[in-house]
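What follows is the content of upload.txt (compact mmCIF, C-alpha atoms and all ligand atoms).
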# COMPACT_ATOMS: atom_id res chain seq x y z
CA MET A 9 0.00 0.00 0.00
CA ASP A 10 1.29 3.43 -0.90
CA VAL A 11 -1.12 6.31 -0.52
CA ALA A 12 -1.23 10.02 0.31
CA ALA A 13 -3.10 10.66 3.55
CA ALA A 14 -5.18 13.32 1.77
CA ASP A 15 -6.53 10.66 -0.64
CA LEU A 16 -7.95 8.51 2.16
CA PRO A 17 -11.44 8.95 3.60
CA GLU A 18 -11.38 9.91 7.29
CA ARG A 19 -12.75 6.52 8.37
CA ASP A 20 -10.03 4.60 6.51
CA LEU A 21 -7.32 6.82 7.97
CA TYR A 22 -8.67 6.12 11.45
CA LYS A 23 -8.63 2.38 10.82
CA LEU A 24 -5.12 2.38 9.39
CA LEU A 25 -3.76 4.45 12.27
CA VAL A 26 -5.38 2.55 15.14
CA ASN A 27 -4.47 -0.78 13.55
CA THR A 28 -0.80 0.13 13.13
CA VAL A 29 0.10 2.46 16.01
CA LEU A 30 -0.20 -0.09 18.78
CA PRO A 31 -0.37 -0.96 21.55
CA ARG A 32 -1.61 2.38 22.85
CA PRO A 33 -1.77 3.11 26.58
CA ILE A 34 -5.21 3.95 27.96
CA ALA A 35 -6.08 6.91 30.16
CA LEU A 36 -9.38 6.54 31.96
CA VAL A 37 -9.91 10.26 32.46
CA THR A 38 -12.01 11.62 35.30
CA SER A 39 -13.12 15.24 35.09
CA CYS A 40 -15.87 17.33 36.59
CA ASP A 41 -17.93 20.33 35.60
CA ARG A 42 -18.40 23.58 37.56
CA ALA A 43 -21.30 22.03 39.46
CA GLY A 44 -19.10 19.12 40.55
CA ARG A 45 -20.73 16.49 38.30
CA VAL A 46 -18.13 13.83 37.64
CA ASN A 47 -17.42 12.27 34.25
CA ALA A 48 -15.20 9.33 33.27
CA ALA A 49 -14.11 8.33 29.75
CA PRO A 50 -11.26 6.26 28.27
CA PHE A 51 -8.78 7.75 25.77
CA SER A 52 -6.19 5.75 23.86
CA PHE A 53 -4.98 8.70 21.83
CA PHE A 54 -2.97 9.27 24.99
CA ASN A 55 0.61 9.24 26.09
CA ALA A 56 3.19 10.72 28.42
CA PHE A 57 5.01 13.38 26.47
CA SER A 58 7.85 14.55 28.69
CA HIS A 59 8.97 14.29 32.30
CA ALA A 60 10.30 17.84 32.81
CA PRO A 61 7.75 19.30 32.81
CA PRO A 62 5.71 16.12 33.36
CA LEU A 63 3.25 16.29 30.47
CA VAL A 64 0.51 14.01 29.16
CA VAL A 65 -1.44 14.40 25.93
CA LEU A 66 -5.03 13.42 25.13
CA GLY A 67 -6.51 13.40 21.61
CA ILE A 68 -10.20 14.17 21.95
CA GLU A 69 -12.38 13.64 18.92
CA GLY A 70 -15.27 15.89 18.08
CA ARG A 71 -18.88 14.98 17.60
CA GLU A 72 -20.63 16.27 14.51
CA GLY A 73 -22.45 19.52 15.24
CA GLN A 74 -21.48 19.73 18.90
CA GLU A 75 -19.06 22.21 20.41
CA PRO A 76 -17.38 21.53 22.76
CA SER A 77 -17.55 17.93 21.73
CA LYS A 78 -17.11 15.44 24.53
CA ASP A 79 -18.00 15.95 28.18
CA THR A 80 -14.34 15.42 29.12
CA LEU A 81 -13.24 18.41 27.02
CA ARG A 82 -16.11 20.60 28.22
CA ASN A 83 -15.19 19.80 31.83
CA ILE A 84 -11.48 20.46 31.29
CA ARG A 85 -12.43 23.85 29.84
CA GLU A 86 -14.68 24.58 32.82
CA THR A 87 -12.45 23.49 35.69
CA GLY A 88 -8.95 23.34 34.14
CA GLY A 89 -8.04 19.94 35.51
CA PHE A 90 -8.50 16.21 35.12
CA VAL A 91 -7.17 12.91 36.43
CA VAL A 92 -5.52 10.23 34.28
CA ASN A 93 -6.34 6.86 35.85
CA LEU A 94 -4.22 4.10 34.27
CA VAL A 95 -6.04 0.89 33.39
CA ASP A 96 -4.99 -2.54 34.65
CA ARG A 97 -6.42 -5.87 33.51
CA ALA A 98 -9.04 -5.92 36.28
CA LEU A 99 -10.33 -2.47 35.35
CA VAL A 100 -10.96 -3.23 31.65
CA PRO A 101 -14.68 -4.22 31.83
CA ALA A 102 -15.55 -1.09 33.85
CA MET A 103 -13.39 1.05 31.53
CA THR A 104 -15.44 -0.09 28.53
CA VAL A 105 -18.66 0.92 30.34
CA CYS A 106 -17.14 4.40 30.79
CA GLY A 107 -16.53 4.43 27.02
CA ILE A 108 -20.26 4.32 26.25
CA ASP A 109 -21.50 7.61 24.78
CA PHE A 110 -23.93 8.37 27.62
CA PRO A 111 -25.72 11.73 27.72
CA PRO A 112 -23.98 14.29 30.02
CA GLU A 113 -26.39 13.73 32.92
CA VAL A 114 -25.44 10.04 33.25
CA GLU A 115 -22.62 9.33 35.72
CA GLU A 116 -20.39 6.75 34.03
CA LEU A 117 -18.69 5.83 37.30
CA ALA A 118 -21.97 4.75 38.90
CA MET A 119 -22.90 2.80 35.76
CA ALA A 120 -19.50 1.08 35.89
CA GLY A 121 -19.66 0.45 39.65
CA LEU A 122 -16.44 2.39 40.31
CA ASP A 123 -15.69 4.20 43.59
CA THR A 124 -13.74 7.45 43.71
CA LEU A 125 -11.29 9.11 46.08
CA PRO A 126 -10.72 12.87 46.42
CA SER A 127 -7.76 14.44 44.62
CA ARG A 128 -5.35 16.89 46.24
CA ALA A 129 -4.74 19.45 43.52
CA VAL A 130 -7.66 19.21 41.07
CA ALA A 131 -11.43 19.13 41.49
CA ALA A 132 -11.95 15.82 39.67
CA PRO A 133 -11.78 12.73 41.88
CA ARG A 134 -9.59 9.67 41.27
CA ILE A 135 -10.77 6.14 40.51
CA ALA A 136 -9.99 4.05 43.60
CA ALA A 137 -9.50 0.80 41.65
CA SER A 138 -6.88 2.27 39.31
CA PRO A 139 -3.28 1.41 40.29
CA VAL A 140 -1.83 4.75 39.09
CA GLN A 141 -3.56 8.11 39.09
CA PHE A 142 -2.07 11.36 37.81
CA GLU A 143 -3.74 14.63 38.77
CA CYS A 144 -3.26 16.99 35.82
CA ARG A 145 -3.79 20.67 35.09
CA GLU A 146 -4.45 21.74 31.52
CA ARG A 147 -1.34 23.48 30.17
CA VAL A 148 -2.60 24.16 26.66
CA SER A 149 -5.21 22.78 24.27
CA LEU A 150 -4.94 22.91 20.51
CA GLY A 151 -8.03 22.85 18.31
CA LEU A 152 -7.10 20.86 15.21
CA GLY A 153 -8.79 20.33 11.90
CA THR A 154 -12.38 19.49 11.32
CA ARG A 155 -14.97 18.10 13.72
CA HIS A 156 -13.49 19.92 16.74
CA ARG A 157 -10.58 17.56 17.31
CA THR A 158 -8.58 18.82 20.24
CA LEU A 159 -5.18 17.91 21.58
CA VAL A 160 -5.11 18.55 25.33
CA ILE A 161 -1.71 18.88 26.96
CA GLY A 162 -1.87 18.45 30.71
CA GLU A 163 0.80 18.83 33.35
CA ILE A 164 0.92 16.18 36.06
CA VAL A 165 0.82 17.99 39.39
CA HIS A 166 0.31 15.03 41.72
CA LEU A 167 1.01 11.31 41.39
CA TRP A 168 -0.70 8.48 43.24
CA ILE A 169 0.67 4.94 42.91
CA ARG A 170 -0.88 2.03 44.81
CA ASP A 171 1.05 1.03 47.93
CA GLY A 172 3.35 -1.92 47.32
CA LEU A 173 3.96 -1.15 43.64
CA VAL A 174 7.11 0.97 44.14
CA ASP A 175 10.00 -0.35 46.25
CA GLU A 176 12.44 1.69 48.33
CA GLN A 177 14.80 2.12 45.35
CA GLY A 178 11.95 3.55 43.28
CA HIS A 179 11.57 0.42 41.09
CA VAL A 180 8.02 -0.21 39.92
CA ASP A 181 6.70 -3.79 40.07
CA VAL A 182 5.38 -3.93 36.49
CA ASP A 183 4.04 -7.48 36.96
CA ALA A 184 1.85 -6.38 39.85
CA LEU A 185 0.92 -3.20 37.96
CA ASP A 186 -0.58 -5.37 35.17
CA LEU A 187 -1.43 -2.47 32.84
CA VAL A 188 -3.12 -3.01 29.49
CA GLY A 189 -2.82 -1.32 26.12
CA ARG A 190 -5.29 -0.96 23.30
CA LEU A 191 -4.68 -2.99 20.15
CA HIS A 192 -6.35 -3.17 16.75
CA GLY A 193 -10.05 -3.02 16.02
CA ALA A 194 -12.57 -1.83 18.55
CA ASP A 195 -12.18 -4.63 21.07
CA TRP A 196 -8.60 -5.90 21.25
CA TYR A 197 -6.28 -5.22 24.16
CA VAL A 198 -2.88 -6.48 25.30
CA THR A 199 -1.27 -7.00 28.69
CA THR A 200 2.42 -6.36 29.33
CA ARG A 201 3.23 -10.01 30.06
CA ASP A 202 4.83 -10.93 26.72
CA ARG A 203 8.23 -9.26 27.10
CA PHE A 204 11.69 -9.55 25.71
CA ARG A 205 14.89 -7.82 26.52
CA GLU A 206 17.33 -6.10 24.19
CA PRO A 207 20.22 -4.46 26.03
CA ARG A 208 21.11 -0.94 24.92
CA LYS A 209 24.48 -0.64 23.25
CA THR A 210 27.08 2.04 23.07
CA GLN A 211 29.09 2.92 19.96
CA ALA A 212 32.11 1.28 21.65
CA ASP A 213 30.14 -1.98 22.10
CA LEU A 214 29.29 -1.98 18.40
CA GLU A 215 32.87 -1.30 17.37
CA ALA A 216 34.11 -4.08 19.68
CA GLY A 217 31.47 -6.41 18.22
CA ALA A 218 30.24 -7.18 21.71
CA ALA A 219 26.82 -6.69 23.23
CA ALA A 220 26.49 -4.34 26.17
CA PRO A 221 26.24 -6.08 29.54
CA PRO A 222 22.64 -6.99 30.41
CA GLU A 223 20.77 -4.20 32.10
CA LYS A 224 18.97 -4.63 35.37
CA GLU A 225 15.20 -4.65 35.05
CA PRO A 226 14.00 -1.07 35.49
C1 LIG A 301 -10.48 1.93 24.89
C2 LIG A 301 -11.11 3.19 24.38
C3 LIG A 301 -10.31 4.23 23.93
C4 LIG A 301 -10.88 5.42 23.46
N1 LIG A 301 -10.06 6.42 23.03
C5 LIG A 301 -10.57 7.60 22.63
C6 LIG A 301 -9.71 8.67 22.23
O1 LIG A 301 -8.49 8.58 22.26
N2 LIG A 301 -10.31 9.84 21.83
C7 LIG A 301 -11.66 10.00 21.84
O2 LIG A 301 -12.14 11.08 21.50
N3 LIG A 301 -12.49 9.00 22.19
C8 LIG A 301 -11.99 7.81 22.61
N4 LIG A 301 -12.82 6.80 23.00
C9 LIG A 301 -14.26 7.04 23.03
C10 LIG A 301 -14.65 7.83 24.27
O3 LIG A 301 -14.20 7.19 25.45
C11 LIG A 301 -16.19 7.95 24.33
O4 LIG A 301 -16.62 8.73 23.22
C12 LIG A 301 -16.68 8.55 25.61
O5 LIG A 301 -18.06 8.31 25.71
C13 LIG A 301 -16.46 10.05 25.69
O6 LIG A 301 -17.02 10.42 26.90
P1 LIG A 301 -17.36 11.87 27.37
O7 LIG A 301 -18.33 12.50 26.39
O8 LIG A 301 -18.01 11.57 28.69
O9 LIG A 301 -16.09 12.64 27.51
C14 LIG A 301 -12.29 5.57 23.44
C15 LIG A 301 -13.11 4.53 23.89
C16 LIG A 301 -12.53 3.34 24.34
C17 LIG A 301 -13.41 2.23 24.84
Whole structure given in structure tokens:
Amino acid sequence: MDVAAADLPERDLYKLLVNTVLPRPIALVTSCDRAGRVNAAPFSFFNAFSHAPPLVVLGIEGREGQEPSKDTLRNIRETGGFVVNLVDRALVPAMTVCGIDFPPEVEELAMAGLDTLPSRAVAAPRIAASPVQFECRERVSLGLGTRHRTLVIGEIVHLWIRDGLVDEQGHVDVDALDLVGRLHGADWYVTTRDRFREPRKTQADLEAGAAAPPEKEP
């Protein structure tokens, strides 16, 4: 296949991107409006972008004829903050309930049976069952293209990681963390259990024809 992006219908571009850029991490984003009504929705156009400053990005799609589009974006505009709750294997069924396009008055968290905990720095609460929660403040949002697509850049201002997941040296127990990523199609996900190791090399290692010594697990 060899095609200019501009020659592809929007739907085909979506399919080709989400079926090739994978796995994608999932942010189950909690946000709330000015009245304190809480919303939760998953986003897999999501990633950590830098650590200094600690930034995350969310790609929020528009809905035809609606501005602002999704409740998450409207809430971020209203209250300036949100929480990224990372999704482990156990949280997947509830996460998919939060992905249903409910009307704004429906509380996804109640529908999904998820409890919340208060945040320290932002109005939106955290999802108690999520192993890692990042409280974020909106740094900047970019309106892009048609159908109100918006790239939200948020700065992590507070981190919560479940007790027992980080040891005294700061190493994270990724087995116990058990995070998932989104794969191809609408319904496929992957855990982080299928791993392999490829030690990083220096130029000197290459020139000497030797592999770098094995690294310790991060
Ligand atoms: C796993 C998963 C990933 C998703 N990723 C995105 C995404 O990156 N961007 C987006 O706009 N919608 C995404 N969606 C759809 C939204 O979660 C869905 O439209 C949600 O109802 C929006 O909720 P809101 O209007 O309450 O903000 C995803 C859904 C699922 C199940």
Nearest to ligand LIG 301 (chain A) among A:Val105, A:Leu152, A:Ala216, A:Ala132, with distances taken over all atoms listed in the file: which residue is it? A:Val105
Show me which residues sit within 9 Å of ligand LIG 301 (chain A) when counting only C-alpha atoms and all ligand atoms, and put them as number ranges by chain. A: 32-39, 47-54, 66-71, 77-83, 100, 103-112, 114-116, 157-158, 189-191, 194-197
Between atom CA of A:Arg45 and atom CA of A:Gly89, what is the spacing in Å? 13.4 Å
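Candidate residues A:Lys209, A:Leu150, A:Glu86, A:Val140 were compared for distance to A:Val180, and the nearest is A:Val140, using only C-alpha atoms.
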Rank A:Val26, A:Val92, A:Val198, A:Ala184 by their smallest atom-to-atom distance to A:Gln141, using all atoms listed in the file, and report the top residue only. A:Val92
Fewer than 4 positions away in the same chain doesn't count, so skip those; otherwise give me all residues within 12 Å of A:Gly193, counting all atoms listed in the file, as a PDB file with C-alpha atoms, in the coordinates of the input.
ATOM      1  CA  TYR A  22      -8.670   6.120  11.450  1.00  0.00           C
ATOM      2  CA  LYS A  23      -8.630   2.380  10.820  1.00  0.00           C
ATOM      3  CA  LEU A  24      -5.120   2.380   9.390  1.00  0.00           C
ATOM      4  CA  LEU A  25      -3.760   4.450  12.270  1.00  0.00           C
ATOM      5  CA  VAL A  26      -5.380   2.550  15.140  1.00  0.00           C
ATOM      6  CA  ASN A  27      -4.470  -0.780  13.550  1.00  0.00           C
ATOM      7  CA  THR A  28      -0.800   0.130  13.130  1.00  0.00           C
ATOM      8  CA  VAL A  29       0.100   2.460  16.010  1.00  0.00           C
ATOM      9  CA  LEU A  30      -0.200  -0.090  18.780  1.00  0.00           C
ATOM     10  CA  PRO A  31      -0.370  -0.960  21.550  1.00  0.00           C
ATOM     11  CA  TYR A 197      -6.280  -5.220  24.160  1.00  0.00           C
TER      12      TYR A 197
END
Write out as a PyMOL selection string which residues come within 9 Å of A:Leu122 when counting only C-alpha atoms, dropping same-chain ones fewer than 4 positions away. chain A and resi 102+116-118+135-137
Between A:Val182, A:Ile161, A:Ala131, A:Val11, which is the closest to A:Thr87 once you count all atoms listed in the file? A:Ala131
